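Participant: This is the content of coords.cif (mmCIF, C-alpha atoms and all ligand atoms):
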```cif
data_input
loop_
_atom_site.group_PDB
_atom_site.id
_atom_site.type_symbol
_atom_site.label_atom_id
_atom_site.label_comp_id
_atom_site.auth_asym_id
_atom_site.auth_seq_id
_atom_site.Cartn_x
_atom_site.Cartn_y
_atom_site.Cartn_z
ATOM 1 C CA MET A 1 -17.460 8.337 1.783
ATOM 2 C CA ARG A 2 -14.104 6.624 1.221
ATOM 3 C CA LYS A 3 -14.384 3.211 -0.429
ATOM 4 C CA PRO A 4 -12.239 0.763 1.555
ATOM 5 C CA VAL A 5 -9.282 -0.898 -0.155
ATOM 6 C CA ILE A 6 -8.032 -4.378 0.688
ATOM 7 C CA ALA A 7 -4.634 -4.984 -0.871
ATOM 8 C CA ALA A 8 -2.366 -8.037 -1.058
ATOM 9 C CA ASN A 9 1.389 -7.553 -1.010
ATOM 10 C CA TRP A 10 2.910 -10.837 -2.117
ATOM 11 C CA LYS A 11 6.499 -9.636 -1.672
ATOM 12 C CA MET A 12 9.014 -12.138 -3.146
ATOM 13 C CA TYR A 13 6.633 -15.090 -3.153
ATOM 14 C CA LYS A 14 4.916 -17.083 -5.932
ATOM 15 C CA THR A 15 5.953 -18.078 -9.441
ATOM 16 C CA PRO A 16 3.621 -17.237 -12.357
ATOM 17 C CA ALA A 17 2.085 -20.727 -12.142
ATOM 18 C CA GLN A 18 1.443 -20.255 -8.419
ATOM 19 C CA ALA A 19 -0.066 -16.811 -9.065
ATOM 20 C CA GLN A 20 -2.408 -18.371 -11.627
ATOM 21 C CA GLU A 21 -3.393 -21.096 -9.194
ATOM 22 C CA PHE A 22 -4.104 -18.526 -6.470
ATOM 23 C CA LEU A 23 -6.321 -16.466 -8.751
ATOM 24 C CA GLN A 24 -8.285 -19.468 -9.958
ATOM 25 C CA ALA A 25 -9.215 -20.165 -6.355
ATOM 26 C CA PHE A 26 -9.522 -16.564 -5.156
ATOM 27 C CA LEU A 27 -11.547 -14.802 -7.858
ATOM 28 C CA PRO A 28 -14.710 -16.919 -7.433
ATOM 29 C CA LEU A 29 -14.570 -16.314 -3.656
ATOM 30 C CA VAL A 30 -14.836 -12.529 -4.090
ATOM 31 C CA ALA A 31 -16.687 -12.378 -7.415
ATOM 32 C CA ASN A 32 -19.732 -10.505 -6.090
ATOM 33 C CA HIS A 33 -17.892 -8.388 -3.576
ATOM 34 C CA LYS A 34 -18.552 -4.698 -4.160
ATOM 35 C CA ARG A 35 -18.040 -3.009 -0.779
ATOM 36 C CA ASP A 36 -14.241 -2.798 -1.059
ATOM 37 C CA GLU A 37 -11.724 -2.199 -3.799
ATOM 38 C CA ILE A 38 -9.441 -5.253 -4.081
ATOM 39 C CA LEU A 39 -5.806 -4.811 -5.121
ATOM 40 C CA LEU A 40 -3.091 -7.345 -5.754
ATOM 41 C CA PHE A 41 0.641 -6.555 -5.734
ATOM 42 C CA PRO A 42 2.472 -9.601 -7.106
ATOM 43 C CA SER A 43 6.121 -9.704 -8.093
ATOM 44 C CA TYR A 44 7.074 -8.219 -11.477
ATOM 45 C CA VAL A 45 7.298 -11.645 -13.112
ATOM 46 C CA ASP A 46 3.721 -12.454 -12.102
ATOM 47 C CA LEU A 47 2.207 -9.200 -13.390
ATOM 48 C CA SER A 48 1.239 -10.447 -16.870
ATOM 49 C CA VAL A 49 -0.400 -13.600 -15.547
ATOM 50 C CA ALA A 50 -2.244 -11.693 -12.812
ATOM 51 C CA ILE A 51 -3.430 -8.959 -15.179
ATOM 52 C CA ALA A 52 -4.727 -11.505 -17.696
ATOM 53 C CA ALA A 53 -6.446 -13.581 -15.015
ATOM 54 C CA THR A 54 -8.166 -10.579 -13.373
ATOM 55 C CA LYS A 55 -9.357 -8.949 -16.610
ATOM 56 C CA GLY A 56 -13.040 -8.032 -16.288
ATOM 57 C CA SER A 57 -13.018 -8.901 -12.560
ATOM 58 C CA ASN A 58 -13.266 -6.700 -9.459
ATOM 59 C CA VAL A 59 -9.542 -7.092 -8.711
ATOM 60 C CA SER A 60 -6.904 -4.588 -9.877
ATOM 61 C CA VAL A 61 -3.202 -5.291 -10.136
ATOM 62 C CA GLY A 62 -0.171 -3.175 -9.307
ATOM 63 C CA ALA A 63 3.616 -3.453 -9.065
ATOM 64 C CA GLN A 64 5.531 -3.597 -5.777
ATOM 65 C CA ASN A 65 8.059 -0.987 -6.844
ATOM 66 C CA MET A 66 9.399 0.853 -9.901
ATOM 67 C CA HIS A 67 12.180 3.190 -10.937
ATOM 68 C CA TYR A 68 11.345 6.870 -11.371
ATOM 69 C CA ALA A 69 13.180 7.352 -14.675
ATOM 70 C CA GLU A 70 11.421 7.129 -18.009
ATOM 71 C CA GLU A 71 14.040 4.704 -19.332
ATOM 72 C CA GLY A 72 17.816 4.391 -19.244
ATOM 73 C CA ALA A 73 20.895 2.450 -18.227
ATOM 74 C CA TYR A 74 19.542 1.108 -14.913
ATOM 75 C CA THR A 75 20.236 -2.615 -15.003
ATOM 76 C CA GLY A 76 17.642 -4.628 -13.162
ATOM 77 C CA GLU A 77 15.111 -1.804 -12.870
ATOM 78 C CA ILE A 78 11.578 -1.427 -14.248
ATOM 79 C CA SER A 79 10.130 1.858 -15.504
ATOM 80 C CA PRO A 80 6.648 3.313 -14.895
ATOM 81 C CA SER A 81 5.736 3.002 -18.584
ATOM 82 C CA MET A 82 6.717 -0.692 -18.609
ATOM 83 C CA ILE A 83 4.355 -1.344 -15.715
ATOM 84 C CA LYS A 84 1.649 0.746 -17.315
ATOM 85 C CA ALA A 85 2.074 -1.040 -20.664
ATOM 86 C CA LEU A 86 1.344 -4.379 -19.009
ATOM 87 C CA GLY A 87 -1.985 -3.010 -17.784
ATOM 88 C CA ALA A 88 -1.128 -2.459 -14.112
ATOM 89 C CA THR A 89 -3.041 0.392 -12.479
ATOM 90 C CA HIS A 90 -1.291 0.812 -9.115
ATOM 91 C CA VAL A 91 2.210 0.832 -7.631
ATOM 92 C CA LEU A 92 3.439 0.342 -4.050
ATOM 93 C CA LEU A 93 6.009 2.939 -3.095
ATOM 94 C CA GLY A 94 8.293 3.270 -0.110
ATOM 95 C CA HIS A 95 7.570 -0.057 1.556
ATOM 96 C CA SER A 96 9.695 -0.342 4.697
ATOM 97 C CA GLU A 97 11.492 -3.359 3.218
ATOM 98 C CA ARG A 98 12.532 -1.167 0.261
ATOM 99 C CA ARG A 99 13.672 1.544 2.670
ATOM 100 C CA GLU A 100 15.532 -0.846 4.962
ATOM 101 C CA TYR A 101 17.152 -3.334 2.572
ATOM 102 C CA PHE A 102 17.506 -1.269 -0.601
ATOM 103 C CA GLY A 103 18.332 2.141 0.784
ATOM 104 C CA GLU A 104 15.253 3.972 -0.457
ATOM 105 C CA THR A 105 15.015 7.430 1.017
ATOM 106 C CA ASP A 106 12.066 9.804 1.232
ATOM 107 C CA GLU A 107 13.713 11.782 -1.567
ATOM 108 C CA ILE A 108 13.769 8.771 -3.920
ATOM 109 C CA ILE A 109 10.218 7.881 -2.941
ATOM 110 C CA ASN A 110 9.118 11.427 -3.744
ATOM 111 C CA LYS A 111 10.609 11.101 -7.246
ATOM 112 C CA LYS A 112 8.818 7.788 -7.717
ATOM 113 C CA LEU A 113 5.560 9.321 -6.528
ATOM 114 C CA HIS A 114 5.793 12.079 -9.135
ATOM 115 C CA ALA A 115 6.665 9.545 -11.844
ATOM 116 C CA ALA A 116 3.690 7.339 -10.898
ATOM 117 C CA LEU A 117 1.283 10.285 -10.976
ATOM 118 C CA HIS A 118 2.732 11.425 -14.303
ATOM 119 C CA HIS A 119 2.055 7.982 -15.788
ATOM 120 C CA GLY A 120 -1.432 7.657 -14.356
ATOM 121 C CA LEU A 121 -0.475 4.902 -11.927
ATOM 122 C CA THR A 122 -2.167 5.144 -8.521
ATOM 123 C CA PRO A 123 0.533 5.145 -5.844
ATOM 124 C CA VAL A 124 0.133 3.350 -2.538
ATOM 125 C CA LEU A 125 2.620 5.256 -0.414
ATOM 126 C CA CYS A 126 3.866 3.312 2.627
ATOM 127 C CA MET A 127 5.146 4.839 5.855
ATOM 128 C CA GLY A 128 5.592 3.847 9.470
ATOM 129 C CA GLU A 129 7.825 4.016 12.507
ATOM 130 C CA THR A 130 10.310 1.520 13.958
ATOM 131 C CA LEU A 131 9.917 0.115 17.459
ATOM 132 C CA GLU A 132 12.730 2.364 18.729
ATOM 133 C CA GLU A 133 11.001 5.427 17.309
ATOM 134 C CA ARG A 134 7.678 4.414 18.886
ATOM 135 C CA ASP A 135 9.300 3.718 22.259
ATOM 136 C CA ALA A 136 11.040 7.093 22.118
ATOM 137 C CA GLY A 137 7.661 8.785 21.560
ATOM 138 C CA LYS A 138 8.618 9.820 18.030
ATOM 139 C CA THR A 139 5.819 8.191 16.014
ATOM 140 C CA GLU A 140 4.036 11.433 15.175
ATOM 141 C CA GLU A 141 7.304 13.132 14.218
ATOM 142 C CA VAL A 142 8.291 10.240 11.914
ATOM 143 C CA LEU A 143 4.921 10.224 10.169
ATOM 144 C CA LEU A 144 5.112 14.001 9.750
ATOM 145 C CA ARG A 145 8.556 13.669 8.145
ATOM 146 C CA HIS A 146 7.451 10.870 5.795
ATOM 147 C CA CYS A 147 4.432 12.933 4.707
ATOM 148 C CA GLN A 148 6.393 16.156 4.250
ATOM 149 C CA GLU A 149 9.225 14.574 2.273
ATOM 150 C CA ALA A 150 7.249 12.095 0.189
ATOM 151 C CA LEU A 151 4.539 14.592 -0.754
ATOM 152 C CA LYS A 152 6.875 17.436 -1.736
ATOM 153 C CA GLY A 153 5.653 19.182 -4.889
ATOM 154 C CA VAL A 154 2.461 17.143 -5.146
ATOM 155 C CA VAL A 155 -0.608 19.217 -6.022
ATOM 156 C CA PRO A 156 -3.849 18.554 -4.126
ATOM 157 C CA HIS A 157 -5.987 17.364 -7.050
ATOM 158 C CA ALA A 158 -3.324 14.835 -8.127
ATOM 159 C CA ALA A 159 -3.187 13.472 -4.607
ATOM 160 C CA GLU A 160 -6.882 12.750 -4.193
ATOM 161 C CA SER A 161 -6.688 9.444 -6.028
ATOM 162 C CA PHE A 162 -3.774 8.084 -4.138
ATOM 163 C CA ILE A 163 -3.564 5.786 -1.190
ATOM 164 C CA ILE A 164 -1.362 5.842 1.902
ATOM 165 C CA ALA A 165 -0.503 2.708 3.867
ATOM 166 C CA TYR A 166 0.460 3.102 7.522
ATOM 167 C CA GLU A 167 2.687 0.146 8.303
ATOM 168 C CA PRO A 168 4.407 0.273 11.695
ATOM 169 C CA ILE A 169 7.666 -1.577 11.049
ATOM 170 C CA TRP A 170 7.449 -3.460 14.351
ATOM 171 C CA ALA A 171 4.182 -5.044 13.151
ATOM 172 C CA ILE A 172 5.312 -6.240 9.720
ATOM 173 C CA GLY A 173 5.702 -10.003 9.495
ATOM 174 C CA THR A 174 6.164 -10.214 13.262
ATOM 175 C CA GLY A 175 2.694 -11.385 14.247
ATOM 176 C CA LYS A 176 2.437 -8.244 16.433
ATOM 177 C CA THR A 177 -0.490 -6.181 15.223
ATOM 178 C CA ALA A 178 -1.118 -2.596 16.209
ATOM 179 C CA THR A 179 -4.232 -2.367 18.342
ATOM 180 C CA PRO A 180 -7.165 -0.750 16.541
ATOM 181 C CA GLU A 181 -6.642 2.314 18.770
ATOM 182 C CA ILE A 182 -2.921 2.632 17.887
ATOM 183 C CA ALA A 183 -3.741 2.293 14.182
ATOM 184 C CA GLY A 184 -6.643 4.752 14.433
ATOM 185 C CA LEU A 185 -4.482 7.374 16.152
ATOM 186 C CA ALA A 186 -1.603 7.025 13.654
ATOM 187 C CA HIS A 187 -4.053 7.355 10.759
ATOM 188 C CA PHE A 188 -5.488 10.459 12.374
ATOM 189 C CA HIS A 189 -1.946 11.967 12.586
ATOM 190 C CA ILE A 190 -1.294 11.134 8.919
ATOM 191 C CA ARG A 191 -4.603 12.613 7.777
ATOM 192 C CA THR A 192 -3.952 15.743 9.816
ATOM 193 C CA GLN A 193 -0.560 16.127 8.106
ATOM 194 C CA VAL A 194 -2.057 15.583 4.671
ATOM 195 C CA ALA A 195 -4.701 18.234 5.462
ATOM 196 C CA HIS A 196 -1.936 20.596 6.513
ATOM 197 C CA LEU A 197 0.071 19.964 3.326
ATOM 198 C CA LEU A 198 -2.655 19.477 0.719
ATOM 199 C CA GLY A 199 -5.878 20.808 2.218
ATOM 200 C CA ARG A 200 -8.808 19.344 4.068
ATOM 201 C CA GLN A 201 -10.688 18.169 0.994
ATOM 202 C CA THR A 202 -7.771 16.067 -0.270
ATOM 203 C CA ALA A 203 -7.134 14.686 3.212
ATOM 204 C CA ASP A 204 -10.760 13.628 3.528
ATOM 205 C CA ARG A 205 -10.603 11.759 0.224
ATOM 206 C CA ILE A 206 -7.257 9.935 0.561
ATOM 207 C CA ARG A 207 -7.636 6.342 1.713
ATOM 208 C CA ILE A 208 -5.270 5.345 4.537
ATOM 209 C CA LEU A 209 -4.738 1.597 4.877
ATOM 210 C CA TYR A 210 -3.289 -0.255 7.833
ATOM 211 C CA GLY A 211 -0.611 -2.898 7.266
ATOM 212 C CA GLY A 212 1.292 -5.162 9.654
ATOM 213 C CA SER A 213 0.220 -8.718 10.550
ATOM 214 C CA VAL A 214 -3.376 -8.284 9.370
ATOM 215 C CA LYS A 215 -5.115 -11.682 9.534
ATOM 216 C CA PRO A 216 -8.687 -12.940 9.201
ATOM 217 C CA GLU A 217 -8.894 -12.911 13.028
ATOM 218 C CA ASN A 218 -7.988 -9.250 13.555
ATOM 219 C CA ALA A 219 -9.176 -7.643 10.294
ATOM 220 C CA CYS A 220 -12.656 -6.748 11.497
ATOM 221 C CA ALA A 221 -11.570 -4.854 14.624
ATOM 222 C CA LEU A 222 -8.931 -2.884 12.693
ATOM 223 C CA LEU A 223 -11.130 -2.119 9.716
ATOM 224 C CA ASN A 224 -14.000 -0.940 11.874
ATOM 225 C CA GLN A 225 -11.913 2.008 13.072
ATOM 226 C CA PRO A 226 -13.353 5.099 11.369
ATOM 227 C CA GLU A 227 -9.879 6.352 10.348
ATOM 228 C CA VAL A 228 -8.832 2.996 8.847
ATOM 229 C CA ASP A 229 -9.864 2.796 5.194
ATOM 230 C CA GLY A 230 -8.575 -0.670 4.397
ATOM 231 C CA ALA A 231 -5.647 -3.032 4.806
ATOM 232 C CA LEU A 232 -2.355 -3.905 3.139
ATOM 233 C CA VAL A 233 -1.820 -7.587 3.807
ATOM 234 C CA GLY A 234 1.435 -9.514 3.426
ATOM 235 C CA GLY A 235 1.678 -13.058 4.817
ATOM 236 C CA ALA A 236 -2.062 -13.653 5.147
ATOM 237 C CA SER A 237 -2.660 -12.690 1.501
ATOM 238 C CA LEU A 238 -0.688 -15.644 0.117
ATOM 239 C CA ASP A 239 -3.507 -18.089 0.705
ATOM 240 C CA PRO A 240 -6.715 -17.510 -1.299
ATOM 241 C CA GLN A 241 -9.090 -18.547 1.515
ATOM 242 C CA SER A 242 -7.334 -16.412 4.090
ATOM 243 C CA PHE A 243 -7.182 -13.339 1.854
ATOM 244 C CA ALA A 244 -10.845 -13.760 0.838
ATOM 245 C CA LYS A 245 -11.795 -13.859 4.532
ATOM 246 C CA ILE A 246 -9.988 -10.562 5.079
ATOM 247 C CA VAL A 247 -11.699 -9.007 2.052
ATOM 248 C CA LYS A 248 -15.053 -10.033 3.498
ATOM 249 C CA TYR A 249 -14.230 -9.036 7.105
HETATM 250 P P1 LIG B 1 2.518 -8.691 6.912
HETATM 251 O O1 LIG B 1 3.118 -7.673 5.834
HETATM 252 O O2 LIG B 1 0.997 -8.682 6.733
HETATM 253 O O3 LIG B 1 3.105 -10.024 6.569
HETATM 254 O O4 LIG B 1 2.902 -8.193 8.256
HETATM 255 C C1 LIG B 1 2.499 -6.453 5.543
HETATM 256 C C2 LIG B 1 3.322 -5.677 4.533
HETATM 257 O O5 LIG B 1 4.557 -5.690 4.633
HETATM 258 O O6 LIG B 1 2.781 -5.039 3.602
#
```
For this file, produce the structure as structure tokens.
Facilitator:
Amino acid sequence: MRKPVIAANWKMYKTPAQAQEFLQAFLPLVANHKRDEILLFPSYVDLSVAIAATKGSNVSVGAQNMHYAEEGAYTGEISPSMIKALGATHVLLGHSERREYFGETDEIINKKLHAALHHGLTPVLCMGETLEERDAGKTEEVLLRHCQEALKGVVPHAAESFIIAYEPIWAIGTGKTATPEIAGLAHFHIRTQVAHLLGRQTADRIRILYGGSVKPENACALLNQPEVDGALVGGASLDPQSFAKIVKY
């Protein structure tokens, strides 16, 4: 059985004080919740506050990105060991906003994936197609390419712990959600590819989350799809009540 994961991606929102305020309201709302793993991806500057506030709770904290190098002359970047030293356990990799606005390629994401695994950080690897690719019937091909490129050189046992997030780009922040059937089918394609690349056992263990306009109103239908193992939530995770409702779908 795959334990579902409900993750919040705060993107470039919230100061440390606002992160603290969120957690004061949110943690009591989910304190006894055991069915799902709960993850929070705040901005780098909020990591310390979030890690301190969630200590001993059922919420884990990760970074939204990182560099793949150990250290070096990379102004403005953050290394895996810096994130690890703060006490973060997870890292989001390859979010479509990183790919689109910051030029991240599958090759870079693959390097980051190896660095995360090397440092014992659990990667949440994001992938998904654009509207043009979907309309051209290329969704399966795009997901195959993301899997092949991002997972290059990864060994099956290292991959079992990690998480994939299917985030169709046309559904992110647009209010347009994939139907449960569209999400279920895309997850099935991803799992099939992972089985092909890393074996059936690994594919059966990897959690695949859906992301793209998940809200309290649509969470239940999406999360009840057998292939959907959780959600990566942007906008609707910024409010403690709304995110708690999604956690408790
Ligand atoms: P959204 O973002 O829920 O606001 O669509 C999801 C994401 O980008 O992870």
Participant: Please determine, counting all atoms listed in the file, which residue among A:Leu125, A:Ile206, A:Leu232, A:Ile182 has the shortest atom-to-atom distance to Glu160 of chain A.
Facilitator: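 Smallest separation from Glu160 of chain A among the options: A:Ile206.
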Participant: At what distance in Å, to one decimal, does atom CA of Gly212 of chain A lie from atom CA of Ser96 of chain A?
Facilitator: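 Spanning atom CA of Ser96 of chain A to atom CA of Gly212 of chain A is a straight-line distance of 10.9 Å.
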Participant: What are the closest atom pairs, with distances in Å to one decimal, for all residues of chain A lying within 9 Å of ligand LIG 1 (chain B)? Consider all atoms listed in the file, order rows by chain and residue number, and present the result as JSON lines.
Facilitator:
```
{"residue": "A:Ala7", "atom": "CA", "partner": "B:LIG1", "partner_atom": "O6", "distance": 8.7}
{"residue": "A:Ala8", "atom": "CA", "partner": "B:LIG1", "partner_atom": "O6", "distance": 7.6}
{"residue": "A:Asn9", "atom": "CA", "partner": "B:LIG1", "partner_atom": "O6", "distance": 5.4}
{"residue": "A:Trp10", "atom": "CA", "partner": "B:LIG1", "partner_atom": "O6", "distance": 8.1}
{"residue": "A:Lys11", "atom": "CA", "partner": "B:LIG1", "partner_atom": "O5", "distance": 7.7}
{"residue": "A:His95", "atom": "CA", "partner": "B:LIG1", "partner_atom": "O5", "distance": 7.1}
{"residue": "A:Ser96", "atom": "CA", "partner": "B:LIG1", "partner_atom": "O5", "distance": 7.4}
{"residue": "A:Glu97", "atom": "CA", "partner": "B:LIG1", "partner_atom": "O5", "distance": 7.5}
{"residue": "A:Cys126", "atom": "CA", "partner": "B:LIG1", "partner_atom": "O6", "distance": 8.5}
{"residue": "A:Ala165", "atom": "CA", "partner": "B:LIG1", "partner_atom": "O6", "distance": 8.4}
{"residue": "A:Glu167", "atom": "CA", "partner": "B:LIG1", "partner_atom": "C2", "distance": 7.0}
{"residue": "A:Ile169", "atom": "CA", "partner": "B:LIG1", "partner_atom": "O5", "distance": 8.2}
{"residue": "A:Trp170", "atom": "CA", "partner": "B:LIG1", "partner_atom": "O4", "distance": 9.0}
{"residue": "A:Ala171", "atom": "CA", "partner": "B:LIG1", "partner_atom": "O4", "distance": 6.0}
{"residue": "A:Ile172", "atom": "CA", "partner": "B:LIG1", "partner_atom": "O4", "distance": 3.4}
{"residue": "A:Gly173", "atom": "CA", "partner": "B:LIG1", "partner_atom": "O4", "distance": 3.6}
{"residue": "A:Thr174", "atom": "CA", "partner": "B:LIG1", "partner_atom": "O4", "distance": 6.3}
{"residue": "A:Gly175", "atom": "CA", "partner": "B:LIG1", "partner_atom": "O4", "distance": 6.8}
{"residue": "A:Lys176", "atom": "CA", "partner": "B:LIG1", "partner_atom": "O4", "distance": 8.2}
{"residue": "A:Thr177", "atom": "CA", "partner": "B:LIG1", "partner_atom": "O4", "distance": 8.0}
{"residue": "A:Tyr210", "atom": "CA", "partner": "B:LIG1", "partner_atom": "C1", "distance": 8.8}
{"residue": "A:Gly211", "atom": "CA", "partner": "B:LIG1", "partner_atom": "C1", "distance": 5.0}
{"residue": "A:Gly212", "atom": "CA", "partner": "B:LIG1", "partner_atom": "O4", "distance": 3.7}
{"residue": "A:Ser213", "atom": "CA", "partner": "B:LIG1", "partner_atom": "O4", "distance": 3.6}
{"residue": "A:Val214", "atom": "CA", "partner": "B:LIG1", "partner_atom": "O2", "distance": 5.1}
{"residue": "A:Lys215", "atom": "CA", "partner": "B:LIG1", "partner_atom": "O2", "distance": 7.4}
{"residue": "A:Ala231", "atom": "CA", "partner": "B:LIG1", "partner_atom": "O6", "distance": 8.7}
{"residue": "A:Leu232", "atom": "CA", "partner": "B:LIG1", "partner_atom": "O6", "distance": 5.3}
{"residue": "A:Val233", "atom": "CA", "partner": "B:LIG1", "partner_atom": "O2", "distance": 4.2}
{"residue": "A:Gly234", "atom": "CA", "partner": "B:LIG1", "partner_atom": "O2", "distance": 3.4}
{"residue": "A:Gly235", "atom": "CA", "partner": "B:LIG1", "partner_atom": "O3", "distance": 3.8}
{"residue": "A:Ala236", "atom": "CA", "partner": "B:LIG1", "partner_atom": "O2", "distance": 6.0}
{"residue": "A:Ser237", "atom": "CA", "partner": "B:LIG1", "partner_atom": "O2", "distance": 7.5}
```
Participant: At a cut-off of 8 Å, using only C-alpha atoms, what residues contact Gly62 of chain A? Leave out same-chain residues fewer than 2 positions from it and give the result as a PyMOL selection string.
Facilitator: chain A and resi 39-42+47+60+64+88-92
Participant: Take atom CA of Ala85 of chain A and atom CA of Ala73 of chain A and report the distance between them in Å, one decimal.
Facilitator: 19.3 Å
Participant: If you count only C-alpha atoms, which residues fall within 8 Å of Ala159 of chain A, apart from same-chain ones fewer than 3 positions away, as a PDB file with C-alpha atoms, keeping the file's coordinate frame?
Facilitator:
```
ATOM      1  CA  VAL A 154       2.461  17.143  -5.146  1.00  0.00           C
ATOM      2  CA  VAL A 155      -0.608  19.217  -6.022  1.00  0.00           C
ATOM      3  CA  PRO A 156      -3.849  18.554  -4.126  1.00  0.00           C
ATOM      4  CA  PHE A 162      -3.774   8.084  -4.138  1.00  0.00           C
ATOM      5  CA  THR A 202      -7.771  16.067  -0.270  1.00  0.00           C
ATOM      6  CA  ILE A 206      -7.257   9.935   0.561  1.00  0.00           C
TER       7      ILE A 206
END
```
Participant: Would you pick out the contacts of Ile246 of chain A at 8 Å or less, using only C-alpha atoms, so that residues sharing its chain but fewer than 5 positions from it are not included, and give the list as a list in words?
Facilitator: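 Skipping anything fewer than 5 positions along the chain leaves Ile6, Lys215, Pro216, Ala219 and Cys220 of chain A.
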Participant: Nearest residue to His119 of chain A out of A:Gly199, A:Gly137, A:Gly87, A:Pro180, using all atoms listed in the file?
Facilitator: A:Gly87
Participant: Build an axis-aligned box that encloses every atom of segment 202-220 of chain A listed in the file, pad it by 3 Å on each side, and report its centre and edge lengths in Å to one decimal, as lines of an AutoDock Vina configuration file.
Facilitator:
```
center_x = -5.7
center_y = 1.6
center_z = 6.6
size_x = 19.9
size_y = 35.0
size_z = 19.8
```
Participant: Between A:Thr122, A:Lys152, A:Arg2, A:Ala63, which has the minimum distance to Ser79 of chain A (counting only C-alpha atoms)?
Facilitator: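 Once distances to Ser79 of chain A are computed over only C-alpha atoms, the minimum belongs to A:Ala63.
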Participant: Which residues match the PyMOL selection byres (((chain A and resi 142-145) around 9) and not hetatm) in the file above, as a ChimeraX atom specification?
Facilitator: /A:106,127-129,133,138-141,146-150,166,186,189-190,193-194
Participant: Which residues, named as in the file, does the PyMOL selection byres (((chain A and resi 1) around 12) and not hetatm) pick out? Answer as a list in words.
Facilitator: Arg2, Lys3, Pro4, Arg35, Asp36, Gln201, Asp204, Arg205, Ile206, Arg207, Pro226, Glu227 and Asp229 of chain A
Participant: In Å to one decimal, how far is atom CA of His118 of chain A from atom CA of Ser161 of chain A?
Facilitator: 12.7 Å
Participant: When the PyMOL selection byres (((chain A and resi 22) around 12) and not hetatm) is applied to the structure above, which residues does it catch, written out as a ChimeraX atom specification?
Facilitator: /A:8,10,13-21,23-29,40,42,46,49-50,53-54,237-244
Participant: Rank nothing, just name the residue among A:Ala31, A:Leu198, A:Thr75, A:Arg191 nearest to Gly56 of chain A, using all atoms listed in the file.
Facilitator: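 Of the candidates, the smallest distance to Gly56 of chain A is held by A:Ala31.
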